[in-house]
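**Student:** Sharing input_30.cif, mmCIF, C-alpha atoms:
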data_start
loop_
_atom_site.label_atom_id
_atom_site.label_comp_id
_atom_site.auth_asym_id
_atom_site.auth_seq_id
_atom_site.Cartn_x
_atom_site.Cartn_y
_atom_site.Cartn_z
CA MET A 1164 -17.17 -1.72 -6.27
CA GLY A 1165 -15.97 -1.86 -2.69
CA GLN A 1166 -13.13 -3.87 -1.21
CA ASP A 1167 -14.31 -3.85 2.38
CA GLY A 1168 -14.23 -7.35 3.76
CA ALA A 1169 -12.75 -8.73 0.55
CA ILE A 1170 -10.58 -11.79 0.81
CA ALA A 1171 -6.91 -11.02 0.27
CA PRO A 1172 -5.51 -12.52 -2.94
CA GLN A 1173 -3.33 -15.58 -2.68
CA GLU A 1174 0.37 -14.89 -3.01
CA ILE A 1175 2.41 -16.46 -5.79
CA ALA A 1176 5.95 -17.24 -4.72
CA GLY A 1177 8.86 -19.53 -5.39
CA GLU A 1178 8.17 -21.89 -8.29
CA GLY A 1179 4.61 -20.64 -8.70
CA ASP A 1180 2.65 -20.38 -11.93
CA ALA A 1181 2.93 -16.86 -13.36
CA THR A 1182 -0.11 -17.40 -15.58
CA GLN A 1183 -2.21 -17.29 -12.40
CA LEU A 1184 -1.28 -13.62 -11.99
CA VAL A 1185 -3.52 -12.65 -14.89
CA LYS A 1186 -6.48 -14.81 -13.90
CA LEU A 1187 -9.39 -12.73 -12.62
CA THR A 1188 -12.83 -13.50 -11.25
CA SER A 1189 -15.91 -11.70 -12.53
CA THR A 1190 -17.92 -9.93 -9.82
CA SER A 1191 -20.48 -8.20 -12.06
CA LYS A 1192 -20.76 -7.02 -15.64
CA ASP A 1193 -17.34 -5.68 -16.71
CA CYS A 1194 -16.04 -5.77 -13.13
CA PHE A 1195 -13.31 -8.15 -12.00
CA THR A 1196 -11.13 -8.96 -8.99
CA ASN A 1197 -7.64 -10.42 -8.96
CA LEU A 1198 -7.04 -13.83 -7.38
CA TYR A 1199 -3.26 -13.68 -6.95
CA SER A 1200 -0.63 -11.11 -6.07
CA GLU A 1201 3.07 -10.75 -5.52
CA SER A 1202 4.38 -8.81 -2.54
CA PHE A 1203 6.91 -6.17 -3.57
CA ARG A 1204 8.95 -4.00 -1.19
CA ASN A 1205 7.09 -2.97 1.98
CA ASN A 1206 4.11 -5.15 0.98
CA HIS A 1207 3.48 -2.91 -2.05
CA LEU A 1208 2.13 -4.22 -5.33
CA PHE A 1209 4.51 -4.37 -8.28
CA GLY A 1210 3.32 -1.90 -10.90
CA GLY A 1211 3.81 -4.40 -13.71
CA GLN A 1212 1.41 -6.78 -12.00
CA VAL A 1213 -1.38 -4.18 -11.81
CA VAL A 1214 -0.82 -3.20 -15.46
CA ALA A 1215 -0.93 -6.85 -16.57
CA GLN A 1216 -4.11 -7.55 -14.59
CA ALA A 1217 -5.81 -4.38 -15.88
CA LEU A 1218 -4.94 -5.44 -19.43
CA ALA A 1219 -6.36 -8.89 -18.70
CA ALA A 1220 -9.60 -7.29 -17.48
CA ALA A 1221 -9.86 -5.21 -20.66
CA ALA A 1222 -9.14 -8.24 -22.85
CA THR A 1223 -12.02 -10.12 -21.23
CA THR A 1224 -14.49 -7.59 -22.68
CA THR A 1225 -13.10 -7.20 -26.19
CA VAL A 1226 -14.31 -8.50 -29.53
CA GLU A 1227 -12.95 -11.97 -30.28
CA GLY A 1228 -9.84 -12.00 -32.44
CA ARG A 1229 -8.65 -8.53 -31.46
CA HIS A 1230 -5.35 -8.13 -29.64
CA CYS A 1231 -3.99 -5.16 -27.73
CA HIS A 1232 -1.67 -3.02 -29.86
CA SER A 1233 -1.17 -0.11 -27.45
CA MET A 1234 -1.83 0.86 -23.84
CA HIS A 1235 -1.08 3.78 -21.55
CA ALA A 1236 -1.34 3.54 -17.77
CA TYR A 1237 -1.05 6.11 -14.99
CA PHE A 1238 0.11 4.94 -11.57
CA LEU A 1239 -1.96 6.92 -9.06
CA ARG A 1240 -1.20 5.35 -5.68
CA ALA A 1241 0.82 2.49 -4.24
CA GLY A 1242 -1.22 -0.68 -3.95
CA SER A 1243 -1.17 -3.16 -1.08
CA ALA A 1244 -0.33 -6.81 -1.73
CA SER A 1245 -2.49 -7.89 1.22
CA ALA A 1246 -5.75 -6.64 -0.32
CA SER A 1247 -7.49 -7.60 -3.53
CA VAL A 1248 -7.70 -5.24 -6.50
CA SER A 1249 -10.91 -4.62 -8.41
CA PHE A 1250 -10.93 -3.68 -12.08
CA GLU A 1251 -13.81 -1.74 -13.64
CA VAL A 1252 -13.85 -1.74 -17.45
CA ASP A 1253 -15.52 0.89 -19.63
CA ARG A 1254 -16.29 -0.33 -23.15
CA THR A 1255 -15.42 3.01 -24.73
CA ARG A 1256 -15.79 1.99 -28.38
CA ASP A 1257 -16.07 -1.02 -30.68
CA GLY A 1258 -15.35 -0.10 -34.30
CA GLY A 1259 -14.91 -2.11 -37.45
CA ARG A 1260 -11.37 -3.25 -36.59
CA PHE A 1261 -10.53 -1.44 -33.33
CA SER A 1262 -11.87 -1.66 -29.78
CA THR A 1263 -10.98 0.85 -27.06
CA ARG A 1264 -11.23 0.19 -23.33
CA ARG A 1265 -10.66 2.18 -20.16
CA VAL A 1266 -9.88 0.34 -16.91
CA VAL A 1267 -9.79 1.70 -13.37
CA ALA A 1268 -8.01 -0.42 -10.76
CA LEU A 1269 -9.22 0.18 -7.21
CA GLN A 1270 -8.49 -0.88 -3.65
CA ASN A 1271 -11.08 0.01 -1.02
CA ASP A 1272 -12.93 2.11 -3.63
CA VAL A 1273 -9.81 4.26 -4.19
CA PRO A 1274 -8.25 4.28 -7.69
CA ILE A 1275 -4.63 3.12 -7.83
CA LEU A 1276 -4.26 2.94 -11.62
CA HIS A 1277 -5.95 4.16 -14.80
CA LEU A 1278 -5.39 2.26 -18.05
CA GLU A 1279 -6.40 3.18 -21.59
CA CYS A 1280 -5.86 0.46 -24.19
CA SER A 1281 -6.75 -0.25 -27.80
CA PHE A 1282 -7.29 -3.61 -29.49
CA HIS A 1283 -6.92 -4.28 -33.21
CA LEU A 1284 -8.10 -6.99 -35.53
CA GLY A 1285 -4.87 -7.57 -37.45
CA GLU A 1286 -4.63 -6.83 -41.15
CA ARG A 1287 -2.08 -7.08 -43.94
CA GLY A 1288 0.14 -4.08 -44.64
CA LEU A 1289 3.67 -2.75 -44.87
CA GLU A 1290 6.25 -4.29 -42.60
CA HIS A 1291 9.83 -3.43 -41.72
CA GLN A 1292 12.20 -3.42 -38.77
CA VAL A 1293 15.53 -1.60 -38.49
CA PRO A 1294 18.17 -4.23 -37.61
CA SER A 1295 20.30 -3.83 -34.51
CA SER A 1296 24.01 -3.35 -35.06
CA VAL A 1297 25.02 -3.99 -31.44
CA PRO A 1298 25.88 -7.63 -30.64
CA VAL A 1299 24.47 -9.10 -27.44
CA PRO A 1300 25.84 -12.23 -25.71
CA GLU A 1301 23.47 -15.17 -25.42
CA PRO A 1302 21.70 -15.47 -22.05
CA GLU A 1303 23.26 -18.88 -21.34
CA THR A 1304 26.72 -17.23 -21.32
CA ILE A 1305 25.83 -14.60 -18.70
CA PRO A 1306 26.19 -15.34 -14.96
CA ASP A 1307 23.10 -15.31 -12.80
CA ILE A 1308 23.41 -12.17 -10.69
CA THR A 1309 21.82 -13.87 -7.69
CA ALA A 1310 24.81 -16.24 -7.60
CA LEU A 1311 27.25 -13.34 -7.07
CA ASP A 1312 28.72 -12.75 -3.62
CA PRO A 1313 29.33 -8.99 -3.25
CA ASP A 1314 31.70 -7.44 -0.75
CA LYS A 1315 30.04 -5.98 2.31
CA ASP A 1316 30.78 -2.47 1.01
CA GLN A 1317 29.02 -3.04 -2.31
CA ALA A 1318 25.64 -1.87 -1.08
CA ALA A 1319 24.42 -0.98 -4.58
CA LEU A 1320 25.01 -4.52 -5.84
CA TRP A 1321 23.38 -6.02 -2.75
CA GLY A 1322 20.33 -3.86 -3.44
CA ILE A 1323 20.07 -5.05 -7.04
CA ILE A 1324 20.46 -8.70 -6.04
CA GLN A 1325 17.72 -8.32 -3.43
CA ASN A 1326 15.52 -6.64 -6.03
CA VAL A 1327 15.98 -9.54 -8.46
CA GLN A 1328 15.27 -12.08 -5.71
CA THR A 1329 11.97 -10.31 -5.03
CA PHE A 1330 10.72 -11.70 -8.36
CA PRO A 1331 11.04 -15.50 -8.15
CA LEU A 1332 8.74 -15.96 -11.14
CA LEU A 1333 11.35 -14.34 -13.40
CA ASP A 1334 14.63 -15.61 -14.79
CA ILE A 1335 17.00 -12.68 -15.38
CA ARG A 1336 20.46 -12.25 -16.89
CA ILE A 1337 21.86 -8.70 -16.82
CA VAL A 1338 24.11 -8.15 -19.83
CA ASP A 1339 26.24 -5.18 -18.79
CA GLN A 1340 27.08 -6.21 -15.24
CA GLU A 1341 30.09 -3.87 -15.05
CA PHE A 1342 27.66 -0.95 -14.80
CA LEU A 1343 26.03 -2.33 -11.67
CA LEU A 1344 28.77 -0.68 -9.60
CA GLN A 1345 29.76 2.32 -11.70
CA PRO A 1346 27.93 5.00 -13.69
CA ASN A 1347 27.03 4.29 -17.30
CA PRO A 1348 27.28 7.52 -19.31
CA ASP A 1349 25.17 6.02 -22.09
CA ALA A 1350 22.26 5.49 -19.66
CA ASN A 1351 21.66 2.06 -21.13
CA ARG A 1352 20.80 -1.31 -19.56
CA ARG A 1353 20.30 -4.60 -21.38
CA LEU A 1354 18.96 -7.73 -19.78
CA TRP A 1355 17.60 -11.07 -20.84
CA ILE A 1356 14.36 -11.98 -19.12
CA ARG A 1357 11.86 -14.83 -19.26
CA VAL A 1358 8.93 -16.27 -17.29
CA PRO A 1359 9.53 -20.04 -17.26
CA SER A 1360 6.11 -21.00 -15.85
CA ALA A 1361 4.37 -19.25 -18.77
CA VAL A 1362 4.93 -22.58 -20.55
CA ASN A 1363 1.66 -23.56 -18.83
CA SER A 1364 -0.35 -21.42 -21.28
CA ASP A 1365 -0.67 -21.38 -25.07
CA ASP A 1366 -2.97 -18.34 -25.04
CA PRO A 1367 -1.31 -15.41 -26.90
CA ALA A 1368 -3.26 -12.94 -24.73
CA VAL A 1369 -1.76 -14.42 -21.55
CA HIS A 1370 1.75 -14.12 -22.97
CA GLN A 1371 1.04 -10.53 -24.01
CA GLN A 1372 -0.19 -9.71 -20.51
CA LEU A 1373 2.98 -11.21 -19.05
CA VAL A 1374 5.03 -9.07 -21.45
CA ALA A 1375 3.28 -6.11 -19.79
CA TYR A 1376 4.18 -7.61 -16.40
CA ILE A 1377 7.91 -7.86 -17.14
CA SER A 1378 8.04 -4.49 -18.92
CA ASP A 1379 8.11 -2.65 -15.57
CA PHE A 1380 11.06 -4.64 -14.20
CA MET A 1381 14.17 -2.51 -13.40
CA LEU A 1382 12.95 0.12 -15.86
CA ALA A 1383 12.80 3.37 -13.86
CA GLY A 1384 16.30 2.84 -12.46
CA VAL A 1385 17.81 3.22 -15.94
CA ALA A 1386 17.34 6.99 -15.53
CA LEU A 1387 19.89 6.89 -12.68
CA LEU A 1388 22.65 5.09 -14.56
CA PRO A 1389 24.69 8.13 -15.72
CA HIS A 1390 24.81 9.51 -12.18
CA PRO A 1391 27.18 8.67 -9.29
CA VAL A 1392 26.68 5.31 -7.65
CA LYS A 1393 25.84 6.91 -4.30
CA TYR A 1394 22.60 8.22 -5.78
CA ARG A 1395 21.31 4.76 -6.51
CA TRP A 1396 19.21 2.43 -4.41
CA PRO A 1397 18.55 2.77 -1.51
CA ARG A 1398 19.39 6.50 -1.33
CA THR A 1399 16.99 7.57 -4.06
CA PHE A 1400 13.20 7.64 -3.93
CA MET A 1401 11.76 6.42 -7.23
CA ALA A 1402 8.15 6.03 -8.28
CA SER A 1403 6.76 5.24 -11.72
CA LEU A 1404 4.33 7.90 -12.91
CA ASP A 1405 3.05 6.40 -16.14
CA HIS A 1406 3.72 3.44 -18.39
CA ALA A 1407 3.04 3.01 -22.11
CA ILE A 1408 3.47 -0.07 -24.31
CA TRP A 1409 3.07 -0.59 -28.05
CA PHE A 1410 2.78 -4.28 -28.94
CA HIS A 1411 4.18 -5.04 -32.40
CA ARG A 1412 4.26 -8.83 -32.55
CA SER A 1413 3.23 -11.81 -30.48
CA CYS A 1414 5.74 -13.95 -28.60
CA ARG A 1415 6.12 -16.52 -25.84
CA VAL A 1416 7.52 -15.19 -22.57
CA ASP A 1417 8.71 -18.61 -21.40
CA ASP A 1418 11.56 -18.15 -23.89
CA TRP A 1419 14.29 -15.52 -23.43
CA LEU A 1420 13.45 -11.93 -24.37
CA LEU A 1421 16.01 -9.13 -24.60
CA TYR A 1422 15.00 -5.92 -22.81
CA ASP A 1423 17.13 -3.06 -24.16
CA CYS A 1424 16.49 0.15 -22.20
CA ASP A 1425 17.90 3.68 -22.19
CA SER A 1426 17.12 7.05 -20.65
CA PRO A 1427 17.32 10.04 -23.03
CA SER A 1428 16.87 12.67 -20.32
CA THR A 1429 16.21 13.52 -16.69
CA GLY A 1430 15.14 16.87 -15.25
CA ASP A 1431 12.71 18.63 -12.91
CA GLY A 1432 12.76 15.60 -10.62
CA ARG A 1433 11.62 13.24 -13.35
CA GLY A 1434 13.29 10.84 -15.78
CA ILE A 1435 12.12 9.34 -19.05
CA VAL A 1436 13.04 5.76 -19.94
CA ARG A 1437 12.35 3.82 -23.11
CA GLY A 1438 12.77 0.15 -23.83
CA GLN A 1439 12.63 -2.32 -26.67
CA ILE A 1440 11.67 -5.93 -26.05
CA LYS A 1441 12.96 -8.39 -28.66
CA ASP A 1442 12.91 -12.15 -28.98
CA ARG A 1443 16.02 -14.28 -29.48
CA THR A 1444 15.85 -13.86 -33.26
CA GLY A 1445 15.87 -10.07 -32.92
CA ARG A 1446 12.19 -9.52 -33.77
CA LEU A 1447 10.84 -6.41 -32.07
CA ILE A 1448 8.01 -7.52 -29.78
CA ALA A 1449 7.14 -4.32 -27.92
CA THR A 1450 8.22 -0.72 -27.35
CA VAL A 1451 7.93 0.68 -23.82
CA MET A 1452 8.04 4.24 -22.45
CA GLN A 1453 7.91 5.26 -18.81
CA GLU A 1454 8.32 8.47 -16.82
CA ALA A 1455 9.45 8.17 -13.22
CA LEU A 1456 9.74 10.46 -10.24
CA LEU A 1457 13.37 10.66 -9.01
CA ARG A 1458 14.31 12.16 -5.65
CA PRO A 1459 17.96 11.53 -4.85
CA ASP A 1460 19.47 12.52 -1.52
CA LEU A 1461 21.71 15.31 -2.83
CA THR A 1462 23.27 15.83 0.60
CA LEU A 1463 25.34 12.64 0.30
#
Before anything else, please render the file you have as structure tokens.
**Tutor:**
Amino acid sequence: MGQDGAIAPQEIAGEGDATQLVKLTSTSKDCFTNLYSESFRNNHLFGGQVVAQALAAAATTTVEGRHCHSMHAYFLRAGSASASVSFEVDRTRDGGRFSTRRVVALQNDVPILHLECSFHLGERGLEHQVPSSVPVPEPETIPDITALDPDKDQAALWGIIQNVQTFPLLDIRIVDQEFLLQPNPDANRRLWIRVPSAVNSDDPAVHQQLVAYISDFMLAGVALLPHPVKYRWPRTFMASLDHAIWFHRSCRVDDWLLYDCDSPSTGDGRGIVRGQIKDRTGRLIATVMQEALLRPDLTL
């Protein structure tokens, strides 16, 4: 379905309603267009937004009562925030308890993302979760990074602050702030994150889609943490290649969620990052994996 002459989506900014990000309009059977966008750097679309909207499109076509338990997306091209995105859904399979969907996100008839996702009608079974042994300070005790006033020479910190300010719909508290200006040999970043305006919805699917939205925030950069500060933003080109999420439990994203991320390895110009999203009680909400393209300026 073409985008030529399409009306640009409205931009959500400031104290906007994040639930609007995952509202789509139907253009034909199993085809949808987004109504709202956020402008990322250089007018690009934030990858988490496209993933969340693609998941919303898939959810619109699924059997009632089934919720997404896993998804895998490939980022194909950078999207533009000034043009609408269309989502074409393929109803791959509807089984007894599982439904599978494939979604292609397009701008001007050109694919920018492929998404495969599976929905499950929940059932009783075994349940366990390995407890975390690492204490984490409560979000209320952590300073808001946007309130910091870096020295003029602290370019890396300025870049991170500007990155956080790009997402006014999010409330963020970075736990290990000492590693914002020095390498972290453990390649680990922990942050508390929430979407306050999600209080406007009681739909579990909307909250799940917004979990997908926040799951792409500051994720790829974790692969850079063990390396010298000079290789960080803005001297490194980074691009997410793919993005996978396994949803374990439902939650509300208007309450604080802990995003605990680490990078097991980098090599061949790519880095792998994994993350666990937990609620304030420690329940594991989702597991995230992402591979990113990393091109540092090694001449510095």
**Student:** To verify the selection step, state as a PyMOL selection string which residues the PyMOL selection byres ((chain A and resi 1368-1381) around 6) yields on this input.
**Tutor:** chain A and resi 1211-1212+1215+1366-1367+1382+1384+1415-1416
**Student:** Quick one: apply the PyMOL selection byres ((chain A and resi 1255) around 10) to the file and drop the selected residues here as number ranges by chain.
**Tutor:** A: 1252-1254, 1256-1257, 1262-1266, 1279-1281
**Student:** Just to be explicit: take each residue in the selection above, keep C-alpha atoms, and write the result as a PDB file, in the coordinates of the input.
**Tutor:**
ATOM      1  CA  VAL A1252     -13.850  -1.740 -17.450  1.00  0.00           C
ATOM      2  CA  ASP A1253     -15.520   0.890 -19.630  1.00  0.00           C
ATOM      3  CA  ARG A1254     -16.290  -0.330 -23.150  1.00  0.00           C
ATOM      4  CA  ARG A1256     -15.790   1.990 -28.380  1.00  0.00           C
ATOM      5  CA  ASP A1257     -16.070  -1.020 -30.680  1.00  0.00           C
ATOM      6  CA  SER A1262     -11.870  -1.660 -29.780  1.00  0.00           C
ATOM      7  CA  THR A1263     -10.980   0.850 -27.060  1.00  0.00           C
ATOM      8  CA  ARG A1264     -11.230   0.190 -23.330  1.00  0.00           C
ATOM      9  CA  ARG A1265     -10.660   2.180 -20.160  1.00  0.00           C
ATOM     10  CA  VAL A1266      -9.880   0.340 -16.910  1.00  0.00           C
ATOM     11  CA  GLU A1279      -6.400   3.180 -21.590  1.00  0.00           C
ATOM     12  CA  CYS A1280      -5.860   0.460 -24.190  1.00  0.00           C
ATOM     13  CA  SER A1281      -6.750  -0.250 -27.800  1.00  0.00           C
TER      14      SER A1281
END
**Student:** Interatomic distance between atom CA of Gln1453 of chain A and atom CA of Gly1434 of chain A?
**Tutor:**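 Interatomic distance, atom CA of Gln1453 of chain A to atom CA of Gly1434 of chain A: 8.3 Å.
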**Student:** With distances taken over only C-alpha atoms, which of A:Gln1325, A:Ala1383, A:Val1273, A:Thr1182 is nearest to Thr1429 of chain A?
**Tutor:**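 Residue with the minimum atom-to-atom distance to Thr1429 of chain A: A:Ala1383.
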**Student:** Quote the spacing between atom CA of Arg1353 of chain A and atom CA of Arg1336 of chain A in Å to one decimal place.
**Tutor:**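 Interatomic distance, atom CA of Arg1353 of chain A to atom CA of Arg1336 of chain A: 8.9 Å.
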**Student:** As JSON, what would the box around segment 1441-1448 of chain A look like: edges along x, y and z, 5 Å added on every side, centre and edge lengths in Å to one decimal?
**Tutor:**
{"center_x": 12.0, "center_y": -10.3, "center_z": -31.2, "size_x": 18.0, "size_y": 17.9, "size_z": 15.1}
**Student:** Report the closest atom pair, with its distance in Å rounded to one decimal, for each residue of segment 1391-1458 of chain A that has an atom no farther than 10 Å from segment 1301-1312 of chain A; count all atoms listed in the file, sort by chain and then rising residue number, and write it as CSV.
**Tutor:**
residue,atom,partner,partner_atom,distance
A:Trp1419,CA,A:Pro1302,CA,7.5
A:Leu1420,CA,A:Pro1302,CA,9.3
A:Leu1421,CA,A:Pro1302,CA,8.9
A:Arg1443,CA,A:Glu1301,CA,8.5
**Student:** Measuring atom to atom with all atoms listed in the file, identify which of A:Phe1330, A:Phe1282, A:Trp1409, A:Phe1342 is nearest to Arg1229 of chain A.
**Tutor:**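 Selected residue with least distance to Arg1229 of chain A: A:Phe1282.
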**Student:** Find the distance between atom CA of Ala1241 of chain A and atom CA of His1207 of chain A and write it in Å to one decimal.
**Tutor:**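 Between these atoms lies a distance of 6.4 Å.
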**Student:** For a quick check of understanding, using all atoms listed in the file, which of A:Ser1249, A:Ser1426, A:Ser1233, A:Asn1271 has the smallest distance to Asp1349 of chain A?
**Tutor:**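 Of A:Ser1249, A:Ser1426, A:Ser1233, A:Asn1271, the one nearest Asp1349 of chain A, counting all atoms listed in the file, is A:Ser1426.
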**Student:** Take the PyMOL selection byres ((chain A and resi 1206) around 10), apply it to the structure above, and return the hits as a list in words.
**Tutor:**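 So the PyMOL selection byres ((chain A and resi 1206) around 10) ends up selecting Glu1201, Ser1202, Phe1203, Arg1204, Asn1205, His1207, Leu1208, Phe1209, Ala1241, Gly1242, Ser1243, Ala1244 and Ser1245 of chain A.
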**Student:** Could you tell me, as a list in words, which residues have any atom at most 8 Å from (6.0, -6.6, -30.4), counting all atoms listed in the file?
**Tutor:** Trp1409, Phe1410, His1411, Arg1412, Ser1413, Cys1414, Ile1440, Lys1441, Arg1446, Leu1447, Ile1448, Ala1449 and Thr1450 of chain A
**Student:** Let me make sure I understand: among A:Cys1424, A:Val1214, A:Ala1268, A:Ala1402, which one has the smallest atom-to-atom distance to Ile1337 of chain A if we use all atoms listed in the file?
**Tutor:**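 With all atoms listed in the file as the atom set, the closest residue is A:Cys1424.
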**Student:** Would you kindly place N, CA and C atoms on segment 1321-1345 of chain A and return the model as a PDB file, keeping the file's coordinate frame?
**Tutor:**
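The resulting rebuild-v9.pdb:
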ATOM      1  N   TRP A1321      24.269  -5.288  -3.654  1.00  0.00           N
ATOM      2  CA  TRP A1321      23.380  -6.020  -2.750  1.00  0.00           C
ATOM      3  C   TRP A1321      21.927  -5.634  -3.018  1.00  0.00           C
ATOM      4  N   GLY A1322      21.694  -4.318  -3.197  1.00  0.00           N
ATOM      5  CA  GLY A1322      20.330  -3.860  -3.440  1.00  0.00           C
ATOM      6  C   GLY A1322      19.746  -4.431  -4.714  1.00  0.00           C
ATOM      7  N   ILE A1323      20.550  -4.505  -5.769  1.00  0.00           N
ATOM      8  CA  ILE A1323      20.070  -5.050  -7.040  1.00  0.00           C
ATOM      9  C   ILE A1323      19.786  -6.539  -6.912  1.00  0.00           C
ATOM     10  N   ILE A1324      20.678  -7.264  -6.237  1.00  0.00           N
ATOM     11  CA  ILE A1324      20.460  -8.700  -6.040  1.00  0.00           C
ATOM     12  C   ILE A1324      19.167  -8.950  -5.263  1.00  0.00           C
ATOM     13  N   GLN A1325      18.956  -8.165  -4.205  1.00  0.00           N
ATOM     14  CA  GLN A1325      17.720  -8.320  -3.430  1.00  0.00           C
ATOM     15  C   GLN A1325      16.496  -7.994  -4.271  1.00  0.00           C
ATOM     16  N   ASN A1326      16.627  -6.992  -5.154  1.00  0.00           N
ATOM     17  CA  ASN A1326      15.520  -6.640  -6.030  1.00  0.00           C
ATOM     18  C   ASN A1326      15.182  -7.788  -6.960  1.00  0.00           C
ATOM     19  N   VAL A1327      16.209  -8.411  -7.550  1.00  0.00           N
ATOM     20  CA  VAL A1327      15.980  -9.540  -8.460  1.00  0.00           C
ATOM     21  C   VAL A1327      15.339 -10.713  -7.703  1.00  0.00           C
ATOM     22  N   GLN A1328      15.807 -10.963  -6.488  1.00  0.00           N
ATOM     23  CA  GLN A1328      15.270 -12.080  -5.710  1.00  0.00           C
ATOM     24  C   GLN A1328      13.822 -11.863  -5.303  1.00  0.00           C
ATOM     25  N   THR A1329      13.357 -10.610  -5.359  1.00  0.00           N
ATOM     26  CA  THR A1329      11.970 -10.310  -5.030  1.00  0.00           C
ATOM     27  C   THR A1329      11.012 -10.875  -6.078  1.00  0.00           C
ATOM     28  N   PHE A1330      11.546 -11.228  -7.251  1.00  0.00           N
ATOM     29  CA  PHE A1330      10.720 -11.700  -8.360  1.00  0.00           C
ATOM     30  C   PHE A1330      11.073 -13.138  -8.718  1.00  0.00           C
ATOM     31  N   PRO A1331      10.669 -14.098  -7.891  1.00  0.00           N
ATOM     32  CA  PRO A1331      11.040 -15.500  -8.150  1.00  0.00           C
ATOM     33  C   PRO A1331      10.404 -16.092  -9.388  1.00  0.00           C
ATOM     34  N   LEU A1332       9.377 -15.448  -9.933  1.00  0.00           N
ATOM     35  CA  LEU A1332       8.740 -15.960 -11.140  1.00  0.00           C
ATOM     36  C   LEU A1332       9.565 -15.659 -12.388  1.00  0.00           C
ATOM     37  N   LEU A1333      10.556 -14.768 -12.255  1.00  0.00           N
ATOM     38  CA  LEU A1333      11.350 -14.340 -13.400  1.00  0.00           C
ATOM     39  C   LEU A1333      12.722 -14.990 -13.397  1.00  0.00           C
ATOM     40  N   ASP A1334      13.246 -15.191 -14.591  1.00  0.00           N
ATOM     41  CA  ASP A1334      14.630 -15.610 -14.790  1.00  0.00           C
ATOM     42  C   ASP A1334      15.319 -14.456 -15.494  1.00  0.00           C
ATOM     43  N   ILE A1335      16.401 -13.919 -14.913  1.00  0.00           N
ATOM     44  CA  ILE A1335      17.000 -12.680 -15.380  1.00  0.00           C
ATOM     45  C   ILE A1335      18.497 -12.856 -15.561  1.00  0.00           C
ATOM     46  N   ARG A1336      19.032 -12.321 -16.660  1.00  0.00           N
ATOM     47  CA  ARG A1336      20.460 -12.250 -16.890  1.00  0.00           C
ATOM     48  C   ARG A1336      20.790 -10.821 -17.337  1.00  0.00           C
ATOM     49  N   ILE A1337      21.501 -10.081 -16.501  1.00  0.00           N
ATOM     50  CA  ILE A1337      21.860  -8.700 -16.820  1.00  0.00           C
ATOM     51  C   ILE A1337      23.107  -8.706 -17.683  1.00  0.00           C
ATOM     52  N   VAL A1338      23.033  -8.073 -18.849  1.00  0.00           N
ATOM     53  CA  VAL A1338      24.110  -8.150 -19.830  1.00  0.00           C
ATOM     54  C   VAL A1338      25.326  -7.347 -19.392  1.00  0.00           C
ATOM     55  N   ASP A1339      25.127  -6.073 -19.082  1.00  0.00           N
ATOM     56  CA  ASP A1339      26.240  -5.180 -18.790  1.00  0.00           C
ATOM     57  C   ASP A1339      26.468  -5.085 -17.281  1.00  0.00           C
ATOM     58  N   GLN A1340      26.968  -6.160 -16.694  1.00  0.00           N
ATOM     59  CA  GLN A1340      27.080  -6.210 -15.240  1.00  0.00           C
ATOM     60  C   GLN A1340      28.138  -5.265 -14.694  1.00  0.00           C
ATOM     61  N   GLU A1341      29.069  -4.796 -15.543  1.00  0.00           N
ATOM     62  CA  GLU A1341      30.090  -3.870 -15.050  1.00  0.00           C
ATOM     63  C   GLU A1341      29.488  -2.537 -14.630  1.00  0.00           C
ATOM     64  N   PHE A1342      28.296  -2.217 -15.150  1.00  0.00           N
ATOM     65  CA  PHE A1342      27.660  -0.950 -14.800  1.00  0.00           C
ATOM     66  C   PHE A1342      26.743  -1.070 -13.589  1.00  0.00           C
ATOM     67  N   LEU A1343      26.785  -2.195 -12.913  1.00  0.00           N
ATOM     68  CA  LEU A1343      26.030  -2.330 -11.670  1.00  0.00           C
ATOM     69  C   LEU A1343      26.718  -1.574 -10.538  1.00  0.00           C
ATOM     70  N   LEU A1344      28.005  -1.321 -10.665  1.00  0.00           N
ATOM     71  CA  LEU A1344      28.770  -0.680  -9.600  1.00  0.00           C
ATOM     72  C   LEU A1344      29.436   0.615 -10.030  1.00  0.00           C
ATOM     73  N   GLN A1345      29.190   1.061 -11.246  1.00  0.00           N
ATOM     74  CA  GLN A1345      29.760   2.320 -11.700  1.00  0.00           C
ATOM     75  C   GLN A1345      28.793   2.977 -12.666  1.00  0.00           C
TER      76      GLN A1345
END
